$ cat coords29.cif   # mmCIF, C-alpha atoms
data_model
#
loop_
_atom_site.group_PDB
_atom_site.id
_atom_site.type_symbol
_atom_site.label_atom_id
_atom_site.label_comp_id
_atom_site.auth_asym_id
_atom_site.auth_seq_id
_atom_site.Cartn_x
_atom_site.Cartn_y
_atom_site.Cartn_z
ATOM 1 C CA ARG A 1 125.407 105.621 87.661
ATOM 2 C CA LEU A 2 124.082 106.398 91.155
ATOM 3 C CA THR A 3 127.561 107.376 92.343
ATOM 4 C CA THR A 4 128.010 109.742 89.401
ATOM 5 C CA ARG A 5 124.690 111.455 90.217
ATOM 6 C CA ILE A 6 125.725 111.865 93.867
ATOM 7 C CA GLU A 7 129.056 113.407 92.879
ATOM 8 C CA LYS A 8 127.206 116.016 90.799
ATOM 9 C CA ILE A 9 125.096 117.233 93.751
ATOM 10 C CA PRO A 10 127.303 118.745 96.431
ATOM 11 C CA ALA A 11 125.631 118.725 99.836
ATOM 12 C CA ASP A 12 126.343 119.697 103.410
ATOM 13 C CA VAL A 13 124.426 116.710 104.757
ATOM 14 C CA TYR A 14 123.778 113.268 103.252
ATOM 15 C CA LEU A 15 120.988 110.967 104.448
ATOM 16 C CA ILE A 16 121.485 107.478 103.017
ATOM 17 C CA ASP A 17 118.727 104.875 103.118
ATOM 18 C CA GLY A 18 120.486 101.761 104.410
ATOM 19 C CA SER A 19 117.565 99.420 103.748
ATOM 20 C CA GLY A 20 117.800 96.226 101.765
ATOM 21 C CA SER A 21 115.418 97.521 99.068
ATOM 22 C CA MET A 22 117.886 100.224 98.051
ATOM 23 C CA TRP A 23 120.944 98.063 97.575
ATOM 24 C CA ARG A 24 120.753 95.038 95.290
ATOM 25 C CA ASP A 25 124.413 94.218 95.833
ATOM 26 C CA MET A 26 127.208 95.355 98.112
ATOM 27 C CA GLY A 27 129.101 96.842 95.140
ATOM 28 C CA GLU A 28 126.484 99.583 94.783
ATOM 29 C CA TRP A 29 126.668 100.299 98.511
ATOM 30 C CA ARG A 30 130.477 100.521 98.497
ATOM 31 C CA ASP A 31 130.399 102.856 95.481
ATOM 32 C CA VAL A 32 127.977 105.245 97.196
ATOM 33 C CA VAL A 33 129.880 105.151 100.467
ATOM 34 C CA ASN A 34 133.123 105.936 98.645
ATOM 35 C CA ALA A 35 131.626 108.635 96.383
ATOM 36 C CA SER A 36 133.281 112.006 96.628
ATOM 37 C CA VAL A 37 131.743 113.949 99.488
ATOM 38 C CA ARG A 38 132.683 117.557 100.236
ATOM 39 C CA PRO A 39 135.076 117.999 103.156
ATOM 40 C CA GLY A 40 133.115 118.821 106.290
ATOM 41 C CA SER A 41 129.897 117.199 105.075
ATOM 42 C CA ARG A 42 127.920 115.092 107.529
ATOM 43 C CA ILE A 43 126.676 111.633 106.535
ATOM 44 C CA TYR A 44 123.788 109.818 108.208
ATOM 45 C CA VAL A 45 122.523 106.316 107.453
ATOM 46 C CA SER A 46 118.895 105.452 108.123
ATOM 47 C CA MET A 47 118.382 101.813 109.126
ATOM 48 C CA MET A 48 115.869 99.877 111.168
ATOM 49 C CA ASN A 49 118.718 98.112 112.973
ATOM 50 C CA GLY A 50 122.281 96.972 112.558
ATOM 51 C CA CYS A 51 124.355 100.141 112.856
ATOM 52 C CA TYR A 52 125.361 102.563 115.584
ATOM 53 C CA SER A 53 126.382 106.196 115.950
ATOM 54 C CA GLY A 54 129.925 106.847 114.805
ATOM 55 C CA GLN A 55 130.221 103.590 112.857
ATOM 56 C CA ARG A 56 132.409 103.644 109.738
ATOM 57 C CA LEU A 57 130.276 103.620 106.589
ATOM 58 C CA ASN A 58 132.284 100.835 104.956
ATOM 59 C CA SER A 59 131.434 98.521 107.860
ATOM 60 C CA ILE A 60 127.641 98.873 107.494
ATOM 61 C CA THR A 61 125.671 96.160 105.694
ATOM 62 C CA PRO A 62 122.381 97.422 104.229
ATOM 63 C CA SER A 63 119.328 95.518 105.461
ATOM 64 C CA GLY A 64 115.820 95.900 106.834
ATOM 65 C CA GLY A 65 112.987 98.195 105.814
ATOM 66 C CA THR A 66 112.831 101.767 104.558
ATOM 67 C CA GLU A 67 111.447 103.697 107.494
ATOM 68 C CA ILE A 68 113.371 106.873 106.758
ATOM 69 C CA TRP A 69 110.851 109.451 107.974
ATOM 70 C CA TYR A 70 112.078 109.756 111.556
ATOM 71 C CA SER A 71 115.690 109.976 110.320
ATOM 72 C CA TYR A 72 114.677 112.701 107.862
ATOM 73 C CA TRP A 73 112.947 114.657 110.647
ATOM 74 C CA TRP A 74 115.909 114.226 113.006
ATOM 75 C CA VAL A 75 118.456 115.305 110.370
ATOM 76 C CA ILE A 76 116.625 118.457 109.238
ATOM 77 C CA ASN A 77 116.199 119.563 112.845
ATOM 78 C CA GLY A 78 119.983 119.441 113.270
ATOM 79 C CA MET A 79 120.767 121.391 110.117
ATOM 80 C CA SER A 80 121.739 125.054 109.895
ATOM 81 C CA GLN A 81 120.173 127.832 107.868
ATOM 82 C CA GLY A 82 120.841 127.515 104.130
ATOM 83 C CA GLU A 83 122.424 124.049 104.135
ATOM 84 C CA THR A 84 121.744 121.451 101.445
ATOM 85 C CA LEU A 85 120.521 117.934 102.254
ATOM 86 C CA LEU A 86 120.861 115.103 99.743
ATOM 87 C CA ILE A 87 118.611 112.121 100.501
ATOM 88 C CA ILE A 88 119.480 108.842 98.792
ATOM 89 C CA SER A 89 116.355 106.690 99.197
ATOM 90 C CA ASP A 90 113.562 104.896 97.399
ATOM 91 C CA PHE A 91 111.095 105.946 100.147
ATOM 92 C CA GLN A 92 109.445 102.499 100.010
ATOM 93 C CA SER A 93 108.129 102.779 103.538
ATOM 94 C CA ASN A 94 105.659 100.418 105.182
ATOM 95 C CA TYR A 95 104.171 103.419 106.982
ATOM 96 C CA GLN A 96 103.126 106.291 104.778
ATOM 97 C CA LEU A 97 103.097 109.760 106.260
ATOM 98 C CA GLN A 98 99.840 111.507 106.970
ATOM 99 C CA GLN A 99 99.299 114.925 105.388
ATOM 100 C CA TRP A 100 99.900 116.727 108.703
ATOM 101 C CA GLU A 101 103.256 114.917 109.028
ATOM 102 C CA ARG A 102 104.307 115.918 105.494
ATOM 103 C CA ASP A 103 103.289 119.489 106.296
ATOM 104 C CA MET A 104 105.328 119.446 109.508
ATOM 105 C CA ILE A 105 108.461 118.344 107.618
ATOM 106 C CA ARG A 106 107.849 120.899 104.850
ATOM 107 C CA ARG A 107 107.518 123.710 107.415
ATOM 108 C CA ALA A 108 110.731 122.648 109.191
ATOM 109 C CA VAL A 109 112.626 122.664 105.872
ATOM 110 C CA GLN A 110 111.210 126.090 104.951
ATOM 111 C CA ALA A 111 111.902 127.604 108.381
ATOM 112 C CA ARG A 112 115.584 126.671 108.113
ATOM 113 C CA GLY A 113 115.918 127.634 104.455
ATOM 114 C CA ILE A 114 117.215 124.154 103.715
ATOM 115 C CA THR A 115 117.522 122.848 100.169
ATOM 116 C CA VAL A 116 116.501 119.190 99.945
ATOM 117 C CA ARG A 117 117.484 117.061 96.976
ATOM 118 C CA ARG A 118 116.655 113.401 96.390
ATOM 119 C CA ILE A 119 118.261 110.589 94.421
ATOM 120 C CA SER A 120 116.946 107.040 94.148
ATOM 121 C CA ASN A 121 118.505 104.046 92.478
#
$ encode --input "coords29.cif" --output "C-alpha coordinates"
Amino acid sequence: RLTTRIEKIPADVYLIDGSGSMWRDMGEWRDVVNASVRPGSRIYVSMMNGCYSGQRLNSITPSGGTEIWYSYWWVINGMSQGETLLIISDFQSNYQLQQWERDMIRRAVQARGITVRRISN
(Lines of atoms letter the chains of each structure in order from A and count residues from 1; the text may use other names and numbers.)
(Lines give C-alpha, C1' and ligand atoms only; values in the text may rest on other atoms or scores of the structure.)
Protein backbone atom coordinates (compact mmCIF):
# COMPACT_ATOMS: atom_id res chain seq x y z
CA ARG A 1 0.00 0.00 0.00
CA LEU A 2 2.79 2.43 0.92
CA THR A 3 4.66 1.63 -2.30
CA THR A 4 1.55 2.28 -4.38
CA ARG A 5 1.10 5.69 -2.73
CA ILE A 6 4.74 6.58 -3.43
CA GLU A 7 4.41 5.61 -7.09
CA LYS A 8 1.45 7.99 -7.43
CA ILE A 9 3.43 11.03 -6.21
CA PRO A 10 6.26 11.81 -8.60
CA ALA A 11 9.03 13.80 -6.93
CA ASP A 12 12.41 15.27 -7.73
CA VAL A 13 13.74 14.46 -4.27
CA TYR A 14 12.81 11.70 -1.81
CA LEU A 15 13.63 11.85 1.90
CA ILE A 16 13.09 8.44 3.49
CA ASP A 17 12.94 7.99 7.26
CA GLY A 18 15.23 5.02 7.89
CA SER A 19 14.28 4.63 11.55
CA GLY A 20 13.08 1.42 13.11
CA SER A 21 9.65 2.89 13.93
CA MET A 22 8.83 3.28 10.24
CA TRP A 23 9.62 -0.23 9.10
CA ARG A 24 7.99 -3.17 10.86
CA ASP A 25 9.64 -5.66 8.53
CA MET A 26 12.32 -5.62 5.87
CA GLY A 27 9.74 -6.46 3.18
CA GLU A 28 8.17 -3.01 3.53
CA TRP A 29 11.60 -1.39 3.33
CA ARG A 30 12.57 -3.33 0.19
CA ASP A 31 9.25 -2.44 -1.47
CA VAL A 32 9.76 1.28 -0.84
CA VAL A 33 13.38 1.18 -1.96
CA ASN A 34 12.38 -0.59 -5.17
CA ALA A 35 9.32 1.61 -5.86
CA SER A 36 9.35 3.37 -9.19
CA VAL A 37 11.26 6.62 -8.87
CA ARG A 38 11.53 9.11 -11.73
CA PRO A 39 14.84 9.04 -13.60
CA GLY A 40 17.11 11.75 -12.24
CA SER A 41 15.42 11.90 -8.84
CA ARG A 42 17.61 12.15 -5.76
CA ILE A 43 17.00 9.86 -2.77
CA TYR A 44 18.15 10.59 0.77
CA VAL A 45 17.78 8.36 3.82
CA SER A 46 17.60 9.92 7.27
CA MET A 47 19.11 7.72 9.99
CA MET A 48 20.74 8.26 13.35
CA ASN A 49 23.55 5.89 12.36
CA GLY A 50 24.33 2.90 10.21
CA CYS A 51 24.56 4.29 6.67
CA TYR A 52 26.94 6.45 4.68
CA SER A 53 26.86 8.80 1.70
CA GLY A 54 26.60 6.97 -1.60
CA GLN A 55 25.47 3.69 -0.04
CA ARG A 56 23.10 1.53 -2.11
CA LEU A 57 19.56 1.71 -0.73
CA ASN A 58 19.09 -2.06 -0.78
CA SER A 59 22.05 -2.46 1.59
CA ILE A 60 20.62 -0.20 4.32
CA THR A 61 18.91 -1.76 7.35
CA PRO A 62 16.41 0.57 9.02
CA SER A 63 17.12 1.19 12.71
CA GLY A 64 17.40 3.86 15.37
CA GLY A 65 15.24 6.88 16.11
CA THR A 66 13.32 9.32 13.93
CA GLU A 67 15.35 12.50 14.14
CA ILE A 68 14.56 13.65 10.62
CA TRP A 69 14.54 17.41 11.16
CA TYR A 70 18.19 18.10 10.37
CA SER A 71 17.95 15.87 7.26
CA TYR A 72 14.83 17.76 6.16
CA TRP A 73 16.62 21.10 6.61
CA TRP A 74 19.72 19.87 4.77
CA VAL A 75 17.71 18.46 1.85
CA ILE A 76 15.55 21.54 1.26
CA ASN A 77 18.62 23.77 1.28
CA GLY A 78 20.06 21.71 -1.58
CA MET A 79 16.92 21.78 -3.70
CA SER A 80 16.27 23.99 -6.71
CA GLN A 81 13.40 26.36 -7.37
CA GLY A 82 10.11 24.57 -8.08
CA GLU A 83 11.21 21.03 -7.22
CA THR A 84 8.99 18.56 -5.37
CA LEU A 85 10.10 16.78 -2.19
CA LEU A 86 8.36 13.62 -0.98
CA ILE A 87 9.05 12.81 2.68
CA ILE A 88 8.30 9.27 3.82
CA SER A 89 8.26 9.47 7.63
CA ASP A 90 6.16 9.08 10.74
CA PHE A 91 7.89 12.12 12.32
CA GLN A 92 7.98 10.34 15.70
CA SER A 93 10.90 12.39 16.92
CA ASN A 94 12.25 12.46 20.46
CA TYR A 95 12.97 16.16 19.99
CA GLN A 96 10.06 18.26 18.85
CA LEU A 97 10.78 21.42 16.91
CA GLN A 98 10.24 24.79 18.48
CA GLN A 99 7.95 27.23 16.67
CA TRP A 100 10.89 29.32 15.43
CA GLU A 101 12.44 26.17 13.92
CA ARG A 102 9.20 25.25 12.13
CA ASP A 103 9.00 28.81 10.84
CA MET A 104 12.58 28.66 9.58
CA ILE A 105 11.85 25.48 7.60
CA ARG A 106 8.58 26.91 6.25
CA ARG A 107 10.37 30.07 5.06
CA ALA A 108 13.12 28.03 3.35
CA VAL A 109 10.49 25.94 1.52
CA GLN A 110 8.58 29.08 0.46
CA ALA A 111 11.71 30.94 -0.67
CA ARG A 112 12.63 28.09 -3.03
CA GLY A 113 9.08 27.50 -4.24
CA ILE A 114 9.40 23.87 -3.22
CA THR A 115 6.38 21.58 -3.02
CA VAL A 116 6.60 19.26 -0.01
CA ARG A 117 4.47 16.14 0.21
CA ARG A 118 4.40 13.59 3.03
CA ILE A 119 3.51 9.92 3.28
CA SER A 120 3.58 7.83 6.45
CA ASN A 121 3.00 4.13 6.87
$ atom_distance --input "coords29.cif" --atom1 "atom CA of A:Thr61" --atom2 "atom CA of A:Ile6"
19.7 Å
$ atom_distance --input "coords29.cif" --atom1 "atom CA of A:Trp23" --atom2 "atom CA of A:Pro62"
6.8 Å
$ residues_around --input "coords29.cif" --residues "stretch 65-73 of chain A" --least-positions-apart "5" --cutoff "6 Å" --atoms "only C-alpha atoms" --output "ChimeraX atom specification"
/A:19,46,92-93
$ write_last_selection --input "coords29.cif" --atoms "C-alpha atoms" --output "PDB file, keeping the file's coordinate frame"
ATOM      1  CA  SER A  19     117.565  99.420 103.748  1.00  0.00           C
ATOM      2  CA  SER A  46     118.895 105.452 108.123  1.00  0.00           C
ATOM      3  CA  GLN A  92     109.445 102.499 100.010  1.00  0.00           C
ATOM      4  CA  SER A  93     108.129 102.779 103.538  1.00  0.00           C
TER       5      SER A  93
END
$ closest_residue --input "coords29.cif" --among "A:Thr115, A:Ser41, A:Ser59, A:Ser89" --to "A:Met22" --atoms "all atoms listed in the file"
A:Ser89
$ atom_distance --input "coords29.cif" --atom1 "atom CA of A:Asn94" --atom2 "atom CA of A:Cys51"
20.2 Å
$ residues_around --input "coords29.cif" --residues "stretch 9-13 of chain A" --least-positions-apart "5" --cutoff "12 Å" --atoms "only C-alpha atoms" --output "VMD selection string"
chain A and resid 2 to 4 35 to 45 72 75 to 88 114 to 119
$ build_atoms --input "coords29.cif" --residues "stretch 68-87 of chain A" --atoms "N, CA and C atoms" --output "PDB file, in the coordinates of the input"
ATOM      1  N   ILE A  68     112.428 105.763 106.744  1.00  0.00           N
ATOM      2  CA  ILE A  68     113.371 106.873 106.758  1.00  0.00           C
ATOM      3  C   ILE A  68     112.782 108.163 107.349  1.00  0.00           C
ATOM      4  N   TRP A  69     111.495 108.195 107.597  1.00  0.00           N
ATOM      5  CA  TRP A  69     110.851 109.451 107.974  1.00  0.00           C
ATOM      6  C   TRP A  69     111.384 110.039 109.275  1.00  0.00           C
ATOM      7  N   TYR A  70     111.549 109.221 110.296  1.00  0.00           N
ATOM      8  CA  TYR A  70     112.078 109.756 111.556  1.00  0.00           C
ATOM      9  C   TYR A  70     113.498 110.265 111.352  1.00  0.00           C
ATOM     10  N   SER A  71     114.316 109.540 110.601  1.00  0.00           N
ATOM     11  CA  SER A  71     115.690 109.976 110.320  1.00  0.00           C
ATOM     12  C   SER A  71     115.685 111.313 109.590  1.00  0.00           C
ATOM     13  N   TYR A  72     114.806 111.455 108.626  1.00  0.00           N
ATOM     14  CA  TYR A  72     114.677 112.701 107.862  1.00  0.00           C
ATOM     15  C   TYR A  72     114.340 113.848 108.818  1.00  0.00           C
ATOM     16  N   TRP A  73     113.353 113.643 109.673  1.00  0.00           N
ATOM     17  CA  TRP A  73     112.947 114.657 110.647  1.00  0.00           C
ATOM     18  C   TRP A  73     114.113 115.018 111.572  1.00  0.00           C
ATOM     19  N   TRP A  74     114.801 114.027 112.085  1.00  0.00           N
ATOM     20  CA  TRP A  74     115.909 114.226 113.006  1.00  0.00           C
ATOM     21  C   TRP A  74     117.040 115.010 112.341  1.00  0.00           C
ATOM     22  N   VAL A  75     117.363 114.648 111.089  1.00  0.00           N
ATOM     23  CA  VAL A  75     118.456 115.305 110.370  1.00  0.00           C
ATOM     24  C   VAL A  75     118.130 116.765 110.089  1.00  0.00           C
ATOM     25  N   ILE A  76     116.933 117.056 109.566  1.00  0.00           N
ATOM     26  CA  ILE A  76     116.625 118.457 109.238  1.00  0.00           C
ATOM     27  C   ILE A  76     116.591 119.331 110.484  1.00  0.00           C
ATOM     28  N   ASN A  77     116.216 118.770 111.620  1.00  0.00           N
ATOM     29  CA  ASN A  77     116.199 119.563 112.845  1.00  0.00           C
ATOM     30  C   ASN A  77     117.595 119.840 113.388  1.00  0.00           C
ATOM     31  N   GLY A  78     118.608 119.174 112.875  1.00  0.00           N
ATOM     32  CA  GLY A  78     119.983 119.441 113.270  1.00  0.00           C
ATOM     33  C   GLY A  78     120.754 120.259 112.253  1.00  0.00           C
ATOM     34  N   MET A  79     120.091 120.645 111.174  1.00  0.00           N
ATOM     35  CA  MET A  79     120.767 121.391 110.117  1.00  0.00           C
ATOM     36  C   MET A  79     120.718 122.898 110.376  1.00  0.00           C
ATOM     37  N   SER A  80     121.653 123.605 109.765  1.00  0.00           N
ATOM     38  CA  SER A  80     121.739 125.054 109.895  1.00  0.00           C
ATOM     39  C   SER A  80     121.087 125.741 108.709  1.00  0.00           C
ATOM     40  N   GLN A  81     120.781 126.992 108.897  1.00  0.00           N
ATOM     41  CA  GLN A  81     120.173 127.832 107.868  1.00  0.00           C
ATOM     42  C   GLN A  81     120.971 127.734 106.561  1.00  0.00           C
ATOM     43  N   GLY A  82     120.254 127.485 105.458  1.00  0.00           N
ATOM     44  CA  GLY A  82     120.841 127.515 104.130  1.00  0.00           C
ATOM     45  C   GLY A  82     121.617 126.283 103.698  1.00  0.00           C
ATOM     46  N   GLU A  83     121.688 125.252 104.525  1.00  0.00           N
ATOM     47  CA  GLU A  83     122.424 124.049 104.135  1.00  0.00           C
ATOM     48  C   GLU A  83     121.632 123.241 103.109  1.00  0.00           C
ATOM     49  N   THR A  84     122.352 122.338 102.427  1.00  0.00           N
ATOM     50  CA  THR A  84     121.744 121.451 101.445  1.00  0.00           C
ATOM     51  C   THR A  84     121.790 120.025 101.962  1.00  0.00           C
ATOM     52  N   LEU A  85     120.649 119.332 101.864  1.00  0.00           N
ATOM     53  CA  LEU A  85     120.521 117.934 102.254  1.00  0.00           C
ATOM     54  C   LEU A  85     120.287 117.108 101.004  1.00  0.00           C
ATOM     55  N   LEU A  86     121.086 116.046 100.828  1.00  0.00           N
ATOM     56  CA  LEU A  86     120.861 115.103  99.743  1.00  0.00           C
ATOM     57  C   LEU A  86     120.400 113.790 100.362  1.00  0.00           C
ATOM     58  N   ILE A  87     119.173 113.377 100.008  1.00  0.00           N
ATOM     59  CA  ILE A  87     118.611 112.121 100.501  1.00  0.00           C
ATOM     60  C   ILE A  87     118.739 111.085  99.390  1.00  0.00           C
TER      61      ILE A  87
END
